[in-house]
$ cat data-v3.txt   # compact mmCIF, N, CA and C atoms
# COMPACT_ATOMS: atom_id res chain seq x y z
N LEU A 294 16.14 13.34 12.52
CA LEU A 294 15.02 12.47 12.82
C LEU A 294 14.93 11.37 11.77
N VAL A 295 15.00 10.16 12.20
CA VAL A 295 14.89 9.02 11.31
C VAL A 295 13.43 8.58 11.24
N GLY A 296 12.96 8.28 10.04
CA GLY A 296 11.62 7.75 9.89
C GLY A 296 10.52 8.77 9.75
N ARG A 297 10.86 10.01 9.46
CA ARG A 297 9.80 11.02 9.37
C ARG A 297 8.92 10.81 8.15
N ALA A 298 9.48 10.28 7.04
CA ALA A 298 8.64 9.98 5.88
C ALA A 298 7.68 8.85 6.21
N ASP A 299 8.16 7.85 6.94
CA ASP A 299 7.29 6.75 7.38
C ASP A 299 6.19 7.27 8.29
N ALA A 300 6.56 8.15 9.20
CA ALA A 300 5.57 8.69 10.14
C ALA A 300 4.51 9.52 9.41
N LEU A 301 4.92 10.32 8.42
CA LEU A 301 3.95 11.11 7.67
C LEU A 301 3.03 10.22 6.83
N ALA A 302 3.61 9.21 6.19
CA ALA A 302 2.78 8.29 5.40
C ALA A 302 1.78 7.57 6.29
N THR A 303 2.22 7.16 7.47
CA THR A 303 1.31 6.51 8.41
C THR A 303 0.23 7.47 8.88
N LEU A 304 0.61 8.70 9.17
CA LEU A 304 -0.36 9.70 9.61
C LEU A 304 -1.46 9.90 8.57
N PHE A 305 -1.09 10.10 7.31
CA PHE A 305 -2.09 10.34 6.28
C PHE A 305 -2.90 9.08 5.98
N SER A 306 -2.27 7.91 6.05
CA SER A 306 -3.01 6.66 5.85
C SER A 306 -4.04 6.45 6.95
N LEU A 307 -3.65 6.72 8.18
CA LEU A 307 -4.60 6.59 9.28
C LEU A 307 -5.71 7.63 9.18
N LEU A 308 -5.38 8.80 8.68
CA LEU A 308 -6.40 9.82 8.47
C LEU A 308 -7.42 9.36 7.43
N VAL A 309 -6.95 8.73 6.36
CA VAL A 309 -7.86 8.16 5.35
C VAL A 309 -8.76 7.12 6.00
N ALA A 310 -8.17 6.22 6.78
CA ALA A 310 -8.96 5.16 7.42
C ALA A 310 -9.97 5.73 8.40
N LEU A 311 -9.56 6.73 9.18
CA LEU A 311 -10.48 7.32 10.15
C LEU A 311 -11.63 8.05 9.47
N ILE A 312 -11.34 8.80 8.42
CA ILE A 312 -12.40 9.50 7.70
C ILE A 312 -13.36 8.49 7.08
N TYR A 313 -12.82 7.44 6.48
CA TYR A 313 -13.66 6.43 5.86
C TYR A 313 -14.56 5.75 6.91
N LEU A 314 -13.97 5.35 8.02
CA LEU A 314 -14.75 4.67 9.06
C LEU A 314 -15.78 5.61 9.68
N ARG A 315 -15.44 6.87 9.86
CA ARG A 315 -16.37 7.83 10.43
C ARG A 315 -17.60 8.00 9.54
N ARG A 316 -17.37 7.98 8.21
CA ARG A 316 -18.48 8.19 7.28
C ARG A 316 -19.30 6.93 7.01
N THR A 317 -18.70 5.75 7.20
CA THR A 317 -19.40 4.52 6.82
C THR A 317 -19.91 3.70 8.00
N CYS A 318 -19.53 4.04 9.21
CA CYS A 318 -20.05 3.32 10.38
C CYS A 318 -21.21 4.12 10.97
N GLY A 319 -22.15 3.41 11.49
CA GLY A 319 -23.28 4.09 12.11
C GLY A 319 -24.59 3.65 11.49
N ARG A 320 -25.63 4.41 11.79
CA ARG A 320 -26.97 4.03 11.33
C ARG A 320 -27.15 4.22 9.83
N THR A 321 -26.63 5.30 9.31
CA THR A 321 -26.78 5.58 7.87
C THR A 321 -25.40 5.70 7.23
N PRO A 322 -24.80 4.57 6.89
CA PRO A 322 -23.47 4.63 6.28
C PRO A 322 -23.55 5.15 4.85
N SER A 323 -22.92 6.27 4.63
CA SER A 323 -22.92 6.82 3.27
C SER A 323 -21.56 7.45 3.00
N LEU A 324 -21.17 7.39 1.76
CA LEU A 324 -19.92 7.99 1.34
C LEU A 324 -20.17 8.69 0.01
N PRO A 325 -20.48 9.99 0.05
CA PRO A 325 -20.75 10.70 -1.19
C PRO A 325 -19.52 10.77 -2.08
N TRP A 326 -19.73 11.11 -3.34
CA TRP A 326 -18.64 11.10 -4.30
C TRP A 326 -17.53 12.05 -3.92
N TYR A 327 -17.84 13.19 -3.32
CA TYR A 327 -16.79 14.14 -2.98
C TYR A 327 -15.88 13.62 -1.86
N MET A 328 -16.40 12.71 -1.04
CA MET A 328 -15.55 12.12 0.00
C MET A 328 -14.52 11.17 -0.61
N TYR A 329 -14.89 10.53 -1.73
CA TYR A 329 -13.90 9.73 -2.44
C TYR A 329 -12.75 10.62 -2.92
N LEU A 330 -13.06 11.83 -3.36
CA LEU A 330 -12.01 12.76 -3.79
C LEU A 330 -11.09 13.12 -2.62
N VAL A 331 -11.68 13.32 -1.44
CA VAL A 331 -10.88 13.61 -0.25
C VAL A 331 -9.98 12.42 0.08
N LEU A 332 -10.54 11.22 0.03
CA LEU A 332 -9.75 10.02 0.31
C LEU A 332 -8.63 9.85 -0.71
N ILE A 333 -8.93 10.13 -1.98
CA ILE A 333 -7.90 10.02 -3.03
C ILE A 333 -6.79 11.04 -2.78
N LEU A 334 -7.14 12.26 -2.45
CA LEU A 334 -6.14 13.29 -2.20
C LEU A 334 -5.25 12.93 -1.01
N LEU A 335 -5.84 12.49 0.09
CA LEU A 335 -5.05 12.11 1.26
C LEU A 335 -4.20 10.87 1.00
N THR A 336 -4.72 9.95 0.19
CA THR A 336 -3.93 8.77 -0.18
C THR A 336 -2.74 9.18 -1.04
N ALA A 337 -2.95 10.11 -1.96
CA ALA A 337 -1.85 10.59 -2.79
C ALA A 337 -0.78 11.26 -1.93
N ILE A 338 -1.20 12.04 -0.95
CA ILE A 338 -0.22 12.67 -0.04
C ILE A 338 0.55 11.62 0.74
N ALA A 339 -0.17 10.60 1.25
CA ALA A 339 0.50 9.51 1.97
C ALA A 339 1.49 8.79 1.07
N GLY A 340 1.09 8.54 -0.17
CA GLY A 340 1.98 7.86 -1.10
C GLY A 340 3.17 8.68 -1.52
N LEU A 341 3.01 9.99 -1.57
CA LEU A 341 4.15 10.85 -1.89
C LEU A 341 5.15 10.90 -0.74
N CYS A 342 4.67 10.68 0.47
CA CYS A 342 5.58 10.60 1.62
C CYS A 342 6.37 9.30 1.59
N LYS A 343 5.69 8.20 1.30
CA LYS A 343 6.32 6.88 1.26
C LYS A 343 5.42 5.97 0.44
N GLU A 344 6.00 5.17 -0.44
CA GLU A 344 5.25 4.33 -1.38
C GLU A 344 4.12 3.50 -0.75
N PRO A 345 4.32 2.87 0.40
CA PRO A 345 3.22 2.07 0.97
C PRO A 345 1.96 2.87 1.28
N GLY A 346 2.06 4.19 1.32
CA GLY A 346 0.89 5.01 1.56
C GLY A 346 -0.17 4.88 0.49
N PHE A 347 0.24 4.47 -0.72
CA PHE A 347 -0.72 4.29 -1.80
C PHE A 347 -1.67 3.11 -1.57
N THR A 348 -1.33 2.21 -0.66
CA THR A 348 -2.08 0.97 -0.52
C THR A 348 -3.28 1.06 0.43
N ILE A 349 -3.49 2.18 1.09
CA ILE A 349 -4.54 2.25 2.11
C ILE A 349 -5.93 2.04 1.51
N LEU A 350 -6.19 2.54 0.31
CA LEU A 350 -7.51 2.35 -0.29
C LEU A 350 -7.76 0.88 -0.60
N PHE A 351 -6.73 0.18 -1.08
CA PHE A 351 -6.87 -1.26 -1.34
C PHE A 351 -7.10 -2.02 -0.03
N PHE A 352 -6.40 -1.63 1.01
CA PHE A 352 -6.59 -2.25 2.32
C PHE A 352 -8.03 -2.06 2.81
N LEU A 353 -8.54 -0.85 2.69
CA LEU A 353 -9.92 -0.60 3.11
C LEU A 353 -10.92 -1.37 2.26
N ALA A 354 -10.64 -1.51 0.96
CA ALA A 354 -11.54 -2.29 0.09
C ALA A 354 -11.56 -3.75 0.52
N CYS A 355 -10.41 -4.31 0.81
CA CYS A 355 -10.35 -5.71 1.27
C CYS A 355 -11.07 -5.87 2.60
N ALA A 356 -10.86 -4.94 3.51
CA ALA A 356 -11.53 -4.99 4.81
C ALA A 356 -13.04 -4.86 4.64
N GLU A 357 -13.46 -4.07 3.68
CA GLU A 357 -14.90 -3.90 3.43
C GLU A 357 -15.53 -5.21 2.98
N VAL A 358 -14.85 -5.95 2.12
CA VAL A 358 -15.38 -7.24 1.66
C VAL A 358 -15.39 -8.27 2.79
N VAL A 359 -14.30 -8.35 3.52
CA VAL A 359 -14.18 -9.37 4.56
C VAL A 359 -15.09 -9.10 5.75
N LEU A 360 -15.18 -7.85 6.16
CA LEU A 360 -15.91 -7.54 7.39
C LEU A 360 -17.38 -7.19 7.18
N ARG A 361 -17.71 -6.50 6.09
CA ARG A 361 -19.08 -6.01 5.97
C ARG A 361 -19.77 -6.39 4.66
N SER A 362 -19.05 -6.76 3.66
CA SER A 362 -19.60 -7.17 2.35
C SER A 362 -20.53 -6.12 1.74
N ARG A 363 -20.13 -4.89 1.80
CA ARG A 363 -20.89 -3.83 1.13
C ARG A 363 -20.20 -3.56 -0.20
N TRP A 364 -20.78 -4.06 -1.26
CA TRP A 364 -20.12 -4.07 -2.56
C TRP A 364 -20.01 -2.68 -3.17
N ARG A 365 -20.94 -1.81 -2.90
CA ARG A 365 -20.87 -0.45 -3.46
C ARG A 365 -19.64 0.28 -2.91
N HIS A 366 -19.40 0.16 -1.63
CA HIS A 366 -18.22 0.78 -1.02
C HIS A 366 -16.95 0.10 -1.52
N PHE A 367 -17.02 -1.23 -1.66
CA PHE A 367 -15.85 -1.97 -2.14
C PHE A 367 -15.43 -1.48 -3.52
N PHE A 368 -16.38 -1.40 -4.44
CA PHE A 368 -16.04 -0.99 -5.80
C PHE A 368 -15.62 0.48 -5.86
N GLY A 369 -16.22 1.32 -5.02
CA GLY A 369 -15.78 2.71 -4.95
C GLY A 369 -14.34 2.84 -4.49
N LEU A 370 -13.98 2.08 -3.46
CA LEU A 370 -12.60 2.10 -2.97
C LEU A 370 -11.64 1.50 -3.98
N LEU A 371 -12.06 0.42 -4.63
CA LEU A 371 -11.21 -0.22 -5.62
C LEU A 371 -10.98 0.69 -6.82
N LEU A 372 -12.02 1.36 -7.28
CA LEU A 372 -11.85 2.30 -8.39
C LEU A 372 -10.97 3.48 -7.98
N SER A 373 -11.11 3.94 -6.76
CA SER A 373 -10.25 5.02 -6.27
C SER A 373 -8.80 4.58 -6.23
N PHE A 374 -8.56 3.35 -5.76
CA PHE A 374 -7.20 2.81 -5.72
C PHE A 374 -6.63 2.68 -7.13
N ALA A 375 -7.45 2.20 -8.07
CA ALA A 375 -6.99 2.07 -9.46
C ALA A 375 -6.67 3.44 -10.05
N PHE A 376 -7.48 4.45 -9.73
CA PHE A 376 -7.21 5.80 -10.23
C PHE A 376 -5.90 6.34 -9.68
N VAL A 377 -5.68 6.19 -8.38
CA VAL A 377 -4.43 6.66 -7.77
C VAL A 377 -3.24 5.92 -8.38
N GLY A 378 -3.39 4.60 -8.56
CA GLY A 378 -2.30 3.83 -9.18
C GLY A 378 -2.03 4.25 -10.61
N ALA A 379 -3.07 4.51 -11.38
CA ALA A 379 -2.89 4.93 -12.77
C ALA A 379 -2.21 6.29 -12.85
N VAL A 380 -2.60 7.21 -11.98
CA VAL A 380 -1.96 8.53 -11.96
C VAL A 380 -0.49 8.41 -11.56
N ARG A 381 -0.22 7.56 -10.59
CA ARG A 381 1.17 7.36 -10.16
C ARG A 381 2.01 6.78 -11.28
N ILE A 382 1.50 5.75 -11.97
CA ILE A 382 2.24 5.14 -13.07
C ILE A 382 2.43 6.13 -14.21
N TRP A 383 1.40 6.94 -14.50
CA TRP A 383 1.53 7.95 -15.54
C TRP A 383 2.58 8.99 -15.16
N TYR A 384 2.56 9.44 -13.90
CA TYR A 384 3.46 10.50 -13.47
C TYR A 384 4.92 10.08 -13.48
N VAL A 385 5.20 8.87 -13.03
CA VAL A 385 6.60 8.42 -12.98
C VAL A 385 7.05 7.77 -14.28
N GLY A 386 6.16 7.66 -15.25
CA GLY A 386 6.56 7.13 -16.55
C GLY A 386 6.59 5.62 -16.64
N GLY A 387 5.74 4.95 -15.90
CA GLY A 387 5.67 3.49 -15.96
C GLY A 387 6.01 2.85 -14.64
N ALA A 388 6.02 1.54 -14.66
CA ALA A 388 6.29 0.80 -13.43
C ALA A 388 7.73 0.31 -13.35
N GLU A 389 8.50 0.50 -14.39
CA GLU A 389 9.89 0.03 -14.42
C GLU A 389 10.78 1.00 -13.63
N ALA A 390 11.53 0.46 -12.69
CA ALA A 390 12.37 1.30 -11.84
C ALA A 390 13.70 1.62 -12.51
N GLY A 391 14.20 0.76 -13.38
CA GLY A 391 15.45 1.01 -14.07
C GLY A 391 16.68 0.82 -13.20
N PHE A 392 16.63 -0.11 -12.25
CA PHE A 392 17.79 -0.38 -11.42
C PHE A 392 18.81 -1.18 -12.21
N GLY A 393 20.07 -1.02 -11.86
CA GLY A 393 21.15 -1.75 -12.51
C GLY A 393 21.40 -3.09 -11.86
N TYR A 394 22.41 -3.79 -12.37
CA TYR A 394 22.75 -5.12 -11.87
C TYR A 394 23.13 -5.09 -10.39
N VAL A 395 23.85 -4.06 -9.97
CA VAL A 395 24.29 -3.97 -8.58
C VAL A 395 23.09 -3.85 -7.64
N ASP A 396 22.04 -3.15 -8.08
CA ASP A 396 20.87 -2.94 -7.24
C ASP A 396 19.98 -4.18 -7.16
N THR A 397 19.73 -4.82 -8.30
CA THR A 397 18.84 -6.00 -8.34
C THR A 397 19.45 -7.07 -9.24
N PRO A 398 20.38 -7.85 -8.72
CA PRO A 398 21.01 -8.86 -9.57
C PRO A 398 20.07 -9.99 -9.97
N ILE A 399 19.01 -10.23 -9.23
CA ILE A 399 18.08 -11.31 -9.55
C ILE A 399 17.42 -11.06 -10.90
N LYS A 400 17.12 -9.83 -11.19
CA LYS A 400 16.46 -9.47 -12.45
C LYS A 400 17.31 -9.86 -13.66
N TYR A 401 18.61 -9.90 -13.51
CA TYR A 401 19.51 -10.16 -14.63
C TYR A 401 20.00 -11.60 -14.70
N MET A 402 19.45 -12.48 -13.88
CA MET A 402 19.82 -13.89 -13.94
C MET A 402 19.27 -14.52 -15.22
N ASP A 403 20.03 -15.46 -15.79
CA ASP A 403 19.60 -16.11 -17.03
C ASP A 403 18.47 -17.11 -16.80
N SER A 404 18.55 -17.84 -15.71
CA SER A 404 17.58 -18.91 -15.45
C SER A 404 16.27 -18.33 -14.90
N LYS A 405 15.18 -18.67 -15.57
CA LYS A 405 13.87 -18.23 -15.09
C LYS A 405 13.54 -18.89 -13.75
N LEU A 406 14.00 -20.13 -13.56
CA LEU A 406 13.77 -20.83 -12.30
C LEU A 406 14.46 -20.09 -11.14
N THR A 407 15.69 -19.64 -11.37
CA THR A 407 16.41 -18.90 -10.33
C THR A 407 15.69 -17.61 -9.97
N ARG A 408 15.23 -16.88 -10.98
CA ARG A 408 14.50 -15.64 -10.71
C ARG A 408 13.21 -15.93 -9.97
N THR A 409 12.47 -16.95 -10.40
CA THR A 409 11.19 -17.28 -9.76
C THR A 409 11.39 -17.69 -8.31
N LEU A 410 12.33 -18.58 -8.06
CA LEU A 410 12.57 -19.03 -6.68
C LEU A 410 13.07 -17.89 -5.79
N SER A 411 13.90 -17.02 -6.34
CA SER A 411 14.41 -15.89 -5.55
C SER A 411 13.28 -14.94 -5.16
N TYR A 412 12.42 -14.62 -6.12
CA TYR A 412 11.30 -13.73 -5.80
C TYR A 412 10.31 -14.40 -4.85
N LEU A 413 10.08 -15.71 -5.02
CA LEU A 413 9.19 -16.42 -4.09
C LEU A 413 9.77 -16.41 -2.68
N TYR A 414 11.09 -16.55 -2.58
CA TYR A 414 11.73 -16.51 -1.26
C TYR A 414 11.53 -15.13 -0.63
N GLN A 415 11.70 -14.07 -1.42
CA GLN A 415 11.50 -12.72 -0.88
C GLN A 415 10.08 -12.54 -0.35
N HIS A 416 9.10 -12.97 -1.12
CA HIS A 416 7.72 -12.82 -0.67
C HIS A 416 7.43 -13.69 0.55
N ALA A 417 8.00 -14.89 0.59
CA ALA A 417 7.82 -15.75 1.75
C ALA A 417 8.45 -15.13 2.99
N TYR A 418 9.62 -14.51 2.82
CA TYR A 418 10.28 -13.87 3.94
C TYR A 418 9.45 -12.70 4.47
N TYR A 419 8.90 -11.88 3.57
CA TYR A 419 8.06 -10.77 4.00
C TYR A 419 6.76 -11.27 4.64
N ALA A 420 6.22 -12.36 4.16
CA ALA A 420 5.03 -12.94 4.79
C ALA A 420 5.37 -13.41 6.20
N LYS A 421 6.55 -13.99 6.37
CA LYS A 421 6.98 -14.42 7.70
C LYS A 421 7.11 -13.22 8.64
N ILE A 422 7.68 -12.14 8.15
CA ILE A 422 7.81 -10.93 8.97
C ILE A 422 6.44 -10.37 9.33
N LEU A 423 5.50 -10.47 8.39
CA LEU A 423 4.15 -9.98 8.66
C LEU A 423 3.46 -10.80 9.74
N VAL A 424 3.66 -12.12 9.71
CA VAL A 424 3.00 -12.99 10.67
C VAL A 424 3.76 -13.04 12.00
N LEU A 425 5.08 -13.05 11.93
CA LEU A 425 5.93 -13.10 13.13
C LEU A 425 6.80 -11.85 13.19
N PRO A 426 6.28 -10.75 13.70
CA PRO A 426 6.98 -9.47 13.58
C PRO A 426 8.06 -9.20 14.64
N TRP A 427 8.82 -10.21 15.03
CA TRP A 427 9.88 -9.98 16.00
C TRP A 427 11.15 -9.56 15.29
N HIS A 428 12.01 -8.85 15.99
CA HIS A 428 13.33 -8.43 15.52
C HIS A 428 13.25 -7.61 14.24
N GLN A 429 12.32 -6.69 14.18
CA GLN A 429 12.26 -5.81 13.03
C GLN A 429 13.00 -4.52 13.36
N SER A 430 13.50 -3.89 12.32
CA SER A 430 14.27 -2.67 12.48
C SER A 430 13.95 -1.73 11.34
N TRP A 431 14.16 -0.44 11.58
CA TRP A 431 14.01 0.52 10.49
C TRP A 431 15.11 0.33 9.47
N ASP A 432 16.25 -0.18 9.90
CA ASP A 432 17.40 -0.32 9.02
C ASP A 432 17.94 -1.73 9.13
N TYR A 433 17.60 -2.59 8.17
CA TYR A 433 18.03 -3.98 8.20
C TYR A 433 19.52 -4.14 7.90
N SER A 434 20.15 -3.10 7.39
CA SER A 434 21.58 -3.19 7.10
C SER A 434 22.42 -2.88 8.33
N TYR A 435 21.78 -2.58 9.45
CA TYR A 435 22.48 -2.20 10.67
C TYR A 435 23.47 -3.26 11.12
N ASP A 436 23.06 -4.51 11.09
CA ASP A 436 23.90 -5.58 11.63
C ASP A 436 24.65 -6.35 10.55
N SER A 437 24.71 -5.84 9.34
CA SER A 437 25.40 -6.59 8.28
C SER A 437 26.81 -6.12 8.06
$ encode --input "data-v3.txt" --output "structure tokens"
Amino acid sequence: LVGRADALATLFSLLVALIYLRRTCGRTPSLPWYMYLVLILLTAIAGLCKEPGFTILFFLACAEVVLRSRWRHFFGLLLSFAFVGAVRIWYVGGAEAGFGYVDTPIKYMDSKLTRTLSYLYQHAYYAKILVLPWHQSWDYSYDS
């Protein structure tokens, strides 16, 4: 089965979103402190399945600001995201991946301009995929 880590990360991320929405939508939106612990635990499980799973709390915080502007929930989600990120960075020993030249040659380029333009191109390409999601694949190396 291809993509089972992606499917599990998506499952737990959606579970976080559903629990959050269930508790905060309605007549009396409330999110007690212990529910933040549940959200943090499920986010950690999603992130252990696949790295993008760690981002669900940040996504919910941004959605909270844009859609409802409830600052207490926003800061609670943001602090939860920061906690999960800090634990992840502590557990793996930092944010440096330690890839070699073969893995990431851009990192080893002498010119700062070359590195900057290359990374900007990567982010622009991902933004294009996000806005125009045609011809996506689980494996981009399939046709190379």
$ atom_distance --input "data-v3.txt" --atom1 "atom CA of Val359 of chain A" --atom2 "atom CA of Phe374 of chain A"
17.4 Å
$ residues_around --input "data-v3.txt" --residues "Ala310 of chain A" --least-positions-apart "3" --cutoff "8 Å" --atoms "all atoms listed in the file" --output "VMD selection string"
chain A and resid 304 to 307 313 to 316 332 349 to 350 353
$ residues_around --input "data-v3.txt" --residues "Cys355 of chain A" --least-positions-apart "6" --cutoff "8 Å" --atoms "only N, CA and C atoms" --output "VMD selection string"
chain A and resid 349 361 367 370 to 371
$ closest_residue --input "data-v3.txt" --among "A:Met328, A:Leu301, A:Ala354, A:Phe347" --to "Gly378 of chain A" --atoms "all atoms listed in the file"
A:Phe347
$ atom_distance --input "data-v3.txt" --atom1 "atom CA of Arg363 of chain A" --atom2 "atom CA of Cys318 of chain A"
11.7 Å
$ atom_distance --input "data-v3.txt" --atom1 "atom CA of Thr336 of chain A" --atom2 "atom CA of Thr321 of chain A"
24.4 Å
$ closest_residue --input "data-v3.txt" --among "A:Arg381, A:Ser362, A:Thr303, A:Leu308" --to "Lys343 of chain A" --atoms "only C-alpha atoms"
A:Thr303
$ closest_residue --input "data-v3.txt" --among "A:Thr348, A:Ser404, A:Gln415, A:Ser323" --to "Val309 of chain A" --atoms "only C-alpha atoms"
A:Thr348
$ select_by_dssp --input "data-v3.txt" --residues "chain A" --states "helix (DSSP H, G or I)" --output "PyMOL selection string"
chain A and resi 297-317+326-342+344-361+364-385+398-401+405-424
$ build_atoms --input "data-v3.txt" --residues "segment 330-348 of chain A" --atoms "N, CA, C and O atoms" --output "mmCIF file, keeping the file's coordinate frame"
data_model
loop_
_atom_site.group_PDB
_atom_site.id
_atom_site.type_symbol
_atom_site.label_atom_id
_atom_site.label_comp_id
_atom_site.auth_asym_id
_atom_site.auth_seq_id
_atom_site.Cartn_x
_atom_site.Cartn_y
_atom_site.Cartn_z
ATOM 1 N N LEU A 330 -13.060 11.830 -3.360
ATOM 2 C CA LEU A 330 -12.010 12.760 -3.790
ATOM 3 C C LEU A 330 -11.090 13.120 -2.620
ATOM 4 O O LEU A 330 -9.871 13.219 -2.781
ATOM 5 N N VAL A 331 -11.680 13.320 -1.440
ATOM 6 C CA VAL A 331 -10.880 13.610 -0.250
ATOM 7 C C VAL A 331 -9.980 12.420 0.080
ATOM 8 O O VAL A 331 -8.783 12.589 0.362
ATOM 9 N N LEU A 332 -10.540 11.220 0.030
ATOM 10 C CA LEU A 332 -9.750 10.020 0.310
ATOM 11 C C LEU A 332 -8.630 9.850 -0.710
ATOM 12 O O LEU A 332 -7.505 9.484 -0.363
ATOM 13 N N ILE A 333 -8.930 10.130 -1.980
ATOM 14 C CA ILE A 333 -7.900 10.020 -3.030
ATOM 15 C C ILE A 333 -6.790 11.040 -2.780
ATOM 16 O O ILE A 333 -5.600 10.717 -2.889
ATOM 17 N N LEU A 334 -7.140 12.260 -2.450
ATOM 18 C CA LEU A 334 -6.140 13.290 -2.200
ATOM 19 C C LEU A 334 -5.250 12.930 -1.010
ATOM 20 O O LEU A 334 -4.009 13.025 -1.091
ATOM 21 N N LEU A 335 -5.840 12.490 0.090
ATOM 22 C CA LEU A 335 -5.050 12.110 1.260
ATOM 23 C C LEU A 335 -4.200 10.870 1.000
ATOM 24 O O LEU A 335 -3.071 10.763 1.488
ATOM 25 N N THR A 336 -4.720 9.950 0.190
ATOM 26 C CA THR A 336 -3.930 8.770 -0.180
ATOM 27 C C THR A 336 -2.740 9.180 -1.040
ATOM 28 O O THR A 336 -1.634 8.652 -0.869
ATOM 29 N N ALA A 337 -2.950 10.110 -1.960
ATOM 30 C CA ALA A 337 -1.850 10.590 -2.790
ATOM 31 C C ALA A 337 -0.780 11.260 -1.930
ATOM 32 O O ALA A 337 0.423 11.058 -2.149
ATOM 33 N N ILE A 338 -1.200 12.040 -0.950
ATOM 34 C CA ILE A 338 -0.220 12.670 -0.040
ATOM 35 C C ILE A 338 0.550 11.620 0.740
ATOM 36 O O ILE A 338 1.764 11.695 0.881
ATOM 37 N N ALA A 339 -0.170 10.600 1.250
ATOM 38 C CA ALA A 339 0.500 9.510 1.970
ATOM 39 C C ALA A 339 1.490 8.790 1.070
ATOM 40 O O ALA A 339 2.606 8.462 1.478
ATOM 41 N N GLY A 340 1.090 8.540 -0.170
ATOM 42 C CA GLY A 340 1.980 7.860 -1.100
ATOM 43 C C GLY A 340 3.170 8.680 -1.520
ATOM 44 O O GLY A 340 4.243 8.142 -1.800
ATOM 45 N N LEU A 341 3.010 9.990 -1.570
ATOM 46 C CA LEU A 341 4.150 10.850 -1.890
ATOM 47 C C LEU A 341 5.150 10.900 -0.740
ATOM 48 O O LEU A 341 6.336 11.129 -0.955
ATOM 49 N N CYS A 342 4.670 10.680 0.470
ATOM 50 C CA CYS A 342 5.580 10.600 1.620
ATOM 51 C C CYS A 342 6.370 9.300 1.590
ATOM 52 O O CYS A 342 7.578 9.287 1.823
ATOM 53 N N LYS A 343 5.690 8.200 1.300
ATOM 54 C CA LYS A 343 6.320 6.880 1.260
ATOM 55 C C LYS A 343 5.420 5.970 0.440
ATOM 56 O O LYS A 343 4.207 5.981 0.594
ATOM 57 N N GLU A 344 6.000 5.170 -0.440
ATOM 58 C CA GLU A 344 5.250 4.330 -1.380
ATOM 59 C C GLU A 344 4.120 3.500 -0.750
ATOM 60 O O GLU A 344 3.050 3.400 -1.335
ATOM 61 N N PRO A 345 4.320 2.870 0.400
ATOM 62 C CA PRO A 345 3.220 2.070 0.970
ATOM 63 C C PRO A 345 1.960 2.870 1.280
ATOM 64 O O PRO A 345 0.896 2.301 1.465
ATOM 65 N N GLY A 346 2.060 4.190 1.320
ATOM 66 C CA GLY A 346 0.890 5.010 1.560
ATOM 67 C C GLY A 346 -0.170 4.880 0.490
ATOM 68 O O GLY A 346 -1.341 5.138 0.730
ATOM 69 N N PHE A 347 0.240 4.470 -0.720
ATOM 70 C CA PHE A 347 -0.720 4.290 -1.800
ATOM 71 C C PHE A 347 -1.670 3.110 -1.570
ATOM 72 O O PHE A 347 -2.693 3.019 -2.215
ATOM 73 N N THR A 348 -1.330 2.210 -0.660
ATOM 74 C CA THR A 348 -2.080 0.970 -0.520
ATOM 75 C C THR A 348 -3.280 1.060 0.430
ATOM 76 O O THR A 348 -4.018 0.091 0.553
#
